[in-house]
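So this one's input_19.pdb, PDB, C-alpha atoms:
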```
ATOM      1  CA  MET A   1     -34.605  -8.073 -13.063
ATOM      2  CA  ASN A   2     -33.522  -4.660 -11.752
ATOM      3  CA  LYS A   3     -35.137  -5.372  -8.383
ATOM      4  CA  ARG A   4     -33.087  -8.567  -8.011
ATOM      5  CA  LEU A   5     -29.850  -6.717  -8.714
ATOM      6  CA  VAL A   6     -30.787  -3.819  -6.428
ATOM      7  CA  LYS A   7     -31.644  -6.242  -3.641
ATOM      8  CA  ALA A   8     -28.374  -8.095  -4.085
ATOM      9  CA  LEU A   9     -26.426  -4.834  -4.062
ATOM     10  CA  GLU A  10     -28.245  -3.644  -0.934
ATOM     11  CA  LYS A  11     -27.517  -6.923   0.828
ATOM     12  CA  GLU A  12     -23.838  -6.768  -0.097
ATOM     13  CA  PHE A  13     -23.572  -3.110   0.947
ATOM     14  CA  ASP A  14     -25.249  -3.762   4.306
ATOM     15  CA  TYR A  15     -22.885  -6.670   4.942
ATOM     16  CA  GLU A  16     -19.767  -4.669   4.042
ATOM     17  CA  GLU A  17     -20.950  -1.728   6.132
ATOM     18  CA  SER A  18     -21.488  -4.006   9.140
ATOM     19  CA  GLN A  19     -17.960  -5.393   8.710
ATOM     20  CA  TYR A  20     -16.279  -2.005   8.364
ATOM     21  CA  LYS A  21     -14.583  -0.474  11.373
ATOM     22  CA  VAL A  22     -12.865   2.903  11.329
ATOM     23  CA  ASP A  23      -9.118   2.498  11.731
ATOM     24  CA  GLU A  24      -8.403   4.466  14.903
ATOM     25  CA  SER A  25      -4.640   4.032  14.538
ATOM     26  CA  VAL A  26      -4.396   6.513  11.661
ATOM     27  CA  ALA A  27      -4.323   9.759  13.665
ATOM     28  CA  PRO A  28      -1.791   8.516  16.271
ATOM     29  CA  PHE A  29       0.510   7.196  13.533
ATOM     30  CA  LEU A  30       0.440  10.476  11.593
ATOM     31  CA  GLN A  31       1.041  12.498  14.755
ATOM     32  CA  GLU A  32       3.949  10.357  15.926
ATOM     33  CA  SER A  33       5.573   9.838  12.510
ATOM     34  CA  GLY A  34       5.194  13.378  11.187
ATOM     35  CA  PHE A  35       3.829  12.163   7.855
ATOM     36  CA  GLU A  36       1.043  14.058   6.103
ATOM     37  CA  ILE A  37      -1.441  11.852   4.255
ATOM     38  CA  THR A  38      -3.087  12.469   0.892
ATOM     39  CA  ASP A  39      -6.097  10.231   0.279
ATOM     40  CA  LEU A  40      -8.259  11.513  -2.551
ATOM     41  CA  GLU A  41     -11.810  10.208  -2.964
ATOM     42  CA  GLY A  42     -12.167   7.925  -5.965
ATOM     43  CA  ASN A  43      -8.394   7.477  -6.338
ATOM     44  CA  THR A  44      -6.805   4.154  -5.386
ATOM     45  CA  GLN A  45      -3.424   5.702  -4.569
ATOM     46  CA  VAL A  46      -2.492   6.960  -1.108
ATOM     47  CA  SER A  47       0.603   9.029  -0.346
ATOM     48  CA  LEU A  48       2.498   9.987   2.799
ATOM     49  CA  LYS A  49       4.887  12.939   2.838
ATOM     50  CA  LYS A  50       7.336  14.416   5.341
ATOM     51  CA  SER A  51      10.675  16.196   5.586
ATOM     52  CA  ALA A  52      13.638  14.579   7.327
ATOM     53  CA  HIS A  53      17.354  15.422   7.416
ATOM     54  CA  GLY A  54      16.937  18.073   4.729
ATOM     55  CA  ASN A  55      15.197  15.621   2.412
ATOM     56  CA  GLU A  56      11.647  15.267   1.123
ATOM     57  CA  VAL A  57      10.273  11.776   1.722
ATOM     58  CA  LEU A  58       7.269  10.497  -0.234
ATOM     59  CA  VAL A  59       5.680   7.083   0.319
ATOM     60  CA  THR A  60       3.033   5.897  -2.155
ATOM     61  CA  PHE A  61       0.889   2.766  -2.217
ATOM     62  CA  ASN A  62      -2.457   1.587  -3.602
ATOM     63  CA  ALA A  63      -5.651   0.164  -2.149
ATOM     64  CA  ARG A  64      -5.641  -3.630  -2.069
ATOM     65  CA  SER A  65      -8.056  -6.465  -1.335
ATOM     66  CA  PRO A  66      -7.286  -8.755   1.628
ATOM     67  CA  PHE A  67      -7.139 -11.856  -0.581
ATOM     68  CA  GLU A  68      -5.431 -14.016   2.009
ATOM     69  CA  GLU A  69      -8.097 -13.452   4.682
ATOM     70  CA  GLU A  70     -10.895 -14.269   2.265
ATOM     71  CA  GLU A  71      -9.159 -17.457   1.120
ATOM     72  CA  GLN A  72      -8.692 -18.661   4.694
ATOM     73  CA  GLU A  73     -12.369 -18.113   5.443
ATOM     74  CA  ASN A  74     -13.452 -20.021   2.347
ATOM     75  CA  ASN A  75     -10.852 -22.790   2.606
ATOM     76  CA  PRO A  76      -9.991 -23.402   6.267
ATOM     77  CA  GLU A  77      -8.513 -26.835   5.433
ATOM     78  CA  ASN A  78      -5.779 -25.059   3.430
ATOM     79  CA  GLU A  79      -4.896 -22.665   6.233
ATOM     80  CA  GLN A  80      -1.482 -24.255   6.885
ATOM     81  CA  GLU A  81      -0.519 -24.045   3.217
ATOM     82  CA  GLN A  82      -1.716 -20.445   3.028
ATOM     83  CA  GLU A  83       0.262 -19.492   6.127
ATOM     84  CA  GLU A  84       3.403 -20.623   4.344
ATOM     85  CA  ASP A  85       2.516 -18.470   1.338
ATOM     86  CA  SER A  86       1.101 -15.514   3.272
ATOM     87  CA  PRO A  87       4.211 -13.287   3.255
ATOM     88  CA  GLN A  88       4.012 -13.204  -0.542
ATOM     89  CA  ASP A  89       0.238 -13.359  -1.011
ATOM     90  CA  ASN A  90      -0.851 -10.910   1.685
ATOM     91  CA  SER A  91       1.686  -8.178   1.065
ATOM     92  CA  THR A  92       1.553  -4.552  -0.041
ATOM     93  CA  ASP A  93       3.812  -2.980  -2.661
ATOM     94  CA  PHE A  94       4.898   0.578  -1.944
ATOM     95  CA  GLN A  95       7.398   3.094  -3.234
ATOM     96  CA  VAL A  96       9.600   5.516  -1.286
ATOM     97  CA  SER A  97      11.282   8.495  -2.924
ATOM     98  CA  ILE A  98      13.904  10.581  -1.128
ATOM     99  CA  LYS A  99      15.244  13.809  -2.614
ATOM    100  CA  LYS A 100      16.959  16.945  -1.370
ATOM    101  CA  VAL A 101      14.583  19.834  -0.657
ATOM    102  CA  GLY A 102      14.360  22.042  -3.742
ATOM    103  CA  ARG A 103      16.272  19.564  -5.937
ATOM    104  CA  LYS A 104      15.052  17.162  -8.637
ATOM    105  CA  GLU A 105      17.464  14.249  -8.314
ATOM    106  CA  GLY A 106      16.995  11.531  -5.724
ATOM    107  CA  ILE A 107      16.549   7.842  -5.067
ATOM    108  CA  ILE A 108      13.473   5.634  -5.262
ATOM    109  CA  TYR A 109      13.066   2.480  -3.218
ATOM    110  CA  GLU A 110      10.695  -0.193  -4.515
ATOM    111  CA  CYS A 111       9.494  -2.100  -1.469
ATOM    112  CA  VAL A 112       7.055  -4.696  -0.170
ATOM    113  CA  SER A 113       5.516  -4.643   3.285
ATOM    114  CA  SER A 114       4.635  -8.070   4.661
ATOM    115  CA  GLN A 115       3.677  -8.882   8.247
ATOM    116  CA  SER A 116       5.092  -5.512   9.415
ATOM    117  CA  GLU A 117       8.443  -6.186   7.761
ATOM    118  CA  ILE A 118       9.863  -4.122   4.908
ATOM    119  CA  HIS A 119      11.513  -5.936   2.024
ATOM    120  CA  VAL A 120      13.405  -3.849  -0.533
ATOM    121  CA  ASN A 121      13.301  -5.065  -4.143
ATOM    122  CA  SER A 122      15.471  -2.405  -5.765
ATOM    123  CA  ILE A 123      16.766   1.140  -5.392
ATOM    124  CA  MET A 124      16.905   3.502  -8.336
ATOM    125  CA  TYR A 125      18.844   6.754  -8.744
ATOM    126  CA  THR A 126      17.086   9.302 -10.944
ATOM    127  CA  GLU A 127      17.820  12.813 -12.170
ATOM    128  CA  ASP A 128      14.120  13.708 -11.837
ATOM    129  CA  VAL A 129      12.229  12.008  -9.020
ATOM    130  CA  ASP A 130       8.860  13.617  -9.790
ATOM    131  CA  SER A 131       8.676  12.371 -13.389
ATOM    132  CA  THR A 132       9.986   8.910 -12.488
ATOM    133  CA  GLU A 133       7.384   8.479  -9.729
ATOM    134  CA  ARG A 134       4.620   8.663 -12.315
ATOM    135  CA  ILE A 135       5.891   5.470 -13.908
ATOM    136  CA  SER A 136       4.244   2.340 -12.538
ATOM    137  CA  THR A 137       6.488   0.838  -9.858
ATOM    138  CA  TYR A 138       7.062  -2.464 -11.618
ATOM    139  CA  ASN A 139       6.585  -1.264 -15.182
ATOM    140  CA  SER A 140       9.799  -1.089 -17.169
ATOM    141  CA  SER A 141      10.445   2.379 -18.554
ATOM    142  CA  GLY A 142      13.820   1.696 -20.149
ATOM    143  CA  ASP A 143      15.598   3.307 -17.201
ATOM    144  CA  TYR A 144      17.922   1.229 -15.043
ATOM    145  CA  ARG A 145      16.026   0.690 -11.807
ATOM    146  CA  GLY A 146      18.975  -0.686  -9.897
ATOM    147  CA  PRO A 147      20.127  -4.247  -9.175
ATOM    148  CA  ASP A 148      18.067  -6.903  -7.455
ATOM    149  CA  PHE A 149      18.463  -5.756  -3.854
ATOM    150  CA  SER A 150      19.116  -9.290  -2.593
ATOM    151  CA  THR A 151      22.254  -9.516  -4.749
ATOM    152  CA  LEU A 152      23.940  -6.604  -2.968
ATOM    153  CA  ASP A 153      26.531  -7.149  -0.246
ATOM    154  CA  GLU A 154      24.732  -7.771   3.064
ATOM    155  CA  LYS A 155      26.406  -4.805   4.760
ATOM    156  CA  LEU A 156      25.259  -2.547   1.914
ATOM    157  CA  GLN A 157      21.719  -3.942   2.169
ATOM    158  CA  THR A 158      21.666  -3.244   5.906
ATOM    159  CA  ALA A 159      22.990   0.290   5.392
ATOM    160  CA  PHE A 160      20.327   1.063   2.769
ATOM    161  CA  VAL A 161      17.571  -0.233   5.078
ATOM    162  CA  GLU A 162      18.928   1.800   8.005
ATOM    163  CA  TYR A 163      18.928   4.878   5.756
ATOM    164  CA  LEU A 164      15.223   4.266   5.116
ATOM    165  CA  LYS A 165      14.545   3.985   8.847
ATOM    166  CA  THR A 166      16.246   7.320   9.573
ATOM    167  CA  HIS A 167      13.668   8.862   7.231
ATOM    168  CA  GLY A 168      10.696   7.337   9.064
ATOM    169  CA  VAL A 169      10.233   4.259   6.886
ATOM    170  CA  ASN A 170      10.174   1.615   9.599
ATOM    171  CA  GLU A 171       8.059  -1.196  11.075
ATOM    172  CA  ASP A 172       5.348   1.230  12.198
ATOM    173  CA  LEU A 173       5.006   2.534   8.662
ATOM    174  CA  ALA A 174       4.941  -1.027   7.320
ATOM    175  CA  VAL A 175       1.982  -1.860   9.574
ATOM    176  CA  PHE A 176       0.230   1.351   8.533
ATOM    177  CA  VAL A 177       0.689   0.643   4.817
ATOM    178  CA  GLU A 178      -0.655  -2.904   5.174
ATOM    179  CA  THR A 179      -3.748  -1.951   7.181
ATOM    180  CA  TYR A 180      -4.579   1.328   5.437
ATOM    181  CA  SER A 181      -4.357  -0.196   1.952
ATOM    182  CA  VAL A 182      -7.055  -2.703   2.934
ATOM    183  CA  ASP A 183      -9.122  -0.011   4.670
ATOM    184  CA  LYS A 184      -8.942   2.168   1.544
ATOM    185  CA  GLU A 185     -10.117  -0.679  -0.696
ATOM    186  CA  HIS A 186     -13.004  -1.453   1.669
ATOM    187  CA  ARG A 187     -14.194   2.163   1.573
ATOM    188  CA  MET A 188     -13.893   2.328  -2.214
ATOM    189  CA  TYR A 189     -15.782  -0.953  -2.588
ATOM    190  CA  MET A 190     -18.686   0.355  -0.472
ATOM    191  CA  GLU A 191     -18.723   3.543  -2.542
ATOM    192  CA  TRP A 192     -18.772   1.448  -5.732
ATOM    193  CA  LEU A 193     -21.704  -0.620  -4.443
ATOM    194  CA  GLY A 194     -23.612   2.552  -3.616
ATOM    195  CA  LYS A 195     -23.086   4.027  -7.072
ATOM    196  CA  MET A 196     -24.110   0.767  -8.752
ATOM    197  CA  LYS A 197     -27.270   0.560  -6.676
ATOM    198  CA  LYS A 198     -28.149   4.174  -7.520
ATOM    199  CA  PHE A 199     -27.601   3.543 -11.224
ATOM    200  CA  VAL A 200     -29.728   0.395 -11.571
ATOM    201  CA  ASN A 201     -32.468   1.483  -9.155
TER
END
```
Output the file's structure as structure tokens, nothing else.
Amino acid sequence: MNKRLVKALEKEFDYEESQYKVDESVAPFLQESGFEITDLEGNTQVSLKKSAHGNEVLVTFNARSPFEEEEQENNPENEQEQEEDSPQDNSTDFQVSIKKVGRKEGIIYECVSSQSEIHVNSIMYTEDVDSTERISTYNSSGDYRGPDFSTLDEKLQTAFVEYLKTHGVNEDLAVFVETYSVDKEHRMYMEWLGKMKKFVN
């Protein structure tokens, strides 16, 4: 029984390893954007940090599976329907906090990156950015996390998005978040397969 599981794990690992390609866009993006990346082994969360205009900018997101790609491969006849849904299904949630250097208070954007476009869900003001960041992005903590962004005046929406862009949160970052979140999950999945194989062998 163990041999069957080990063989299946080995086959899956070999397949995933053959499909994995190192993302060569990481270094150029970090160099051009000025962000520093924190990607700890065994942790699903990735963070990007930089200073801009006297503020500290922190972008955080988690590893994610490319569900949409897998569905298209398995159900090619539903490709048209999936393309219509893809902006919602194949998107990456991420959070951006901006605070003055050496201060606690700041604002936190809750965003979604989809097809290299950034969509803002809400913007929260907080007296303590660091403690608020530890709360799950979409988990209610009792604090007011701001209005639904789409209900704001269009000029105000545009101004808030432009403010993000002046701090390096732009289309290039959106592409990076989408691709790196999948890359991170792929690496963690291969590591998981390896540990499982070692355990049952």
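One finds CA of Leu5 (chain A) at 7.7 Å from CA of Val200 (chain A).
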- Message: Residues within 12 Å of (1.3, 6.2, -2.1), file coordinates, counting all atoms listed in the file: what are they? Give the list as a ChimeraX atom specification.
- Response: /A:35-40,43-49,57-63,92-97,110-111,133-134,136-137,173,176-178,180-181,184
Here is a test: counting all atoms listed in the file, which residue of A:Gly194, A:Pro66, A:Gly42, A:Gly146 is nearest to Ile107 (chain A)?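 Ranking A:Gly194, A:Pro66, A:Gly42, A:Gly146 by distance to Ile107 (chain A), first place goes to A:Gly146.
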Restricting to only C-alpha atoms, whichever of A:Ala27, A:Ile118, A:Val101, A:Leu193 is closest to Asn170 (chain A) is A:Ile118
- From the list A:Ile123, A:Asn201, A:Glu105, A:Asn2, which residue is nearest Leu164 (chain A) when using all atoms listed in the file?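 Among the listed residues, A:Ile123 lies closest to Leu164 (chain A).
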Using all atoms listed in the file, the best pick from A:Gly34, A:Gly168, A:Ser65, A:His53 as closest to Met188 (chain A) would be A:Ser65
Practice problem: Would you please work out which residue, of A:Phe199, A:Tyr125, A:Phe29, A:Tyr189, is nearest to Tyr109 (chain A) when using only C-alpha atoms? | Solution: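 Smallest distance to Tyr109 (chain A) is found for A:Tyr125.
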Here CA of Ala52 (chain A) and CA of Val175 (chain A) stand apart by 20.3 Å
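Evaluated against this file, the PyMOL selection byres ((chain A and resi 99) around 6) yields Asn55, Glu56, Ile98, Lys100 and Gly106 of chain A.
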In Å and to one decimal, CA of Glu16 (chain A) is distant from CA of Gln115 (chain A) by 24.2 Å
Going by the chain IDs and residue numbers used in this file, which residues fall under the PyMOL selection byres ((chain A and resi 20) around 12)? Write them as a PDB file with C-alpha atoms, in the coordinates of the input.
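Printed below is result.pdb as written:
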```pdb
ATOM      1  CA  PHE A  13     -23.572  -3.110   0.947  1.00  0.00           C
ATOM      2  CA  ASP A  14     -25.249  -3.762   4.306  1.00  0.00           C
ATOM      3  CA  TYR A  15     -22.885  -6.670   4.942  1.00  0.00           C
ATOM      4  CA  GLU A  16     -19.767  -4.669   4.042  1.00  0.00           C
ATOM      5  CA  GLU A  17     -20.950  -1.728   6.132  1.00  0.00           C
ATOM      6  CA  SER A  18     -21.488  -4.006   9.140  1.00  0.00           C
ATOM      7  CA  GLN A  19     -17.960  -5.393   8.710  1.00  0.00           C
ATOM      8  CA  LYS A  21     -14.583  -0.474  11.373  1.00  0.00           C
ATOM      9  CA  VAL A  22     -12.865   2.903  11.329  1.00  0.00           C
ATOM     10  CA  ASP A  23      -9.118   2.498  11.731  1.00  0.00           C
ATOM     11  CA  VAL A 182      -7.055  -2.703   2.934  1.00  0.00           C
ATOM     12  CA  ASP A 183      -9.122  -0.011   4.670  1.00  0.00           C
ATOM     13  CA  LYS A 184      -8.942   2.168   1.544  1.00  0.00           C
ATOM     14  CA  GLU A 185     -10.117  -0.679  -0.696  1.00  0.00           C
ATOM     15  CA  HIS A 186     -13.004  -1.453   1.669  1.00  0.00           C
ATOM     16  CA  ARG A 187     -14.194   2.163   1.573  1.00  0.00           C
ATOM     17  CA  MET A 188     -13.893   2.328  -2.214  1.00  0.00           C
ATOM     18  CA  TYR A 189     -15.782  -0.953  -2.588  1.00  0.00           C
ATOM     19  CA  MET A 190     -18.686   0.355  -0.472  1.00  0.00           C
TER      20      MET A 190
END
```
Problem - Output check: residues returned by the PyMOL selection byres ((chain A and resi 147) around 10), as a PyMOL selection string - result: chain A and resi 121-124+144-146+148-152
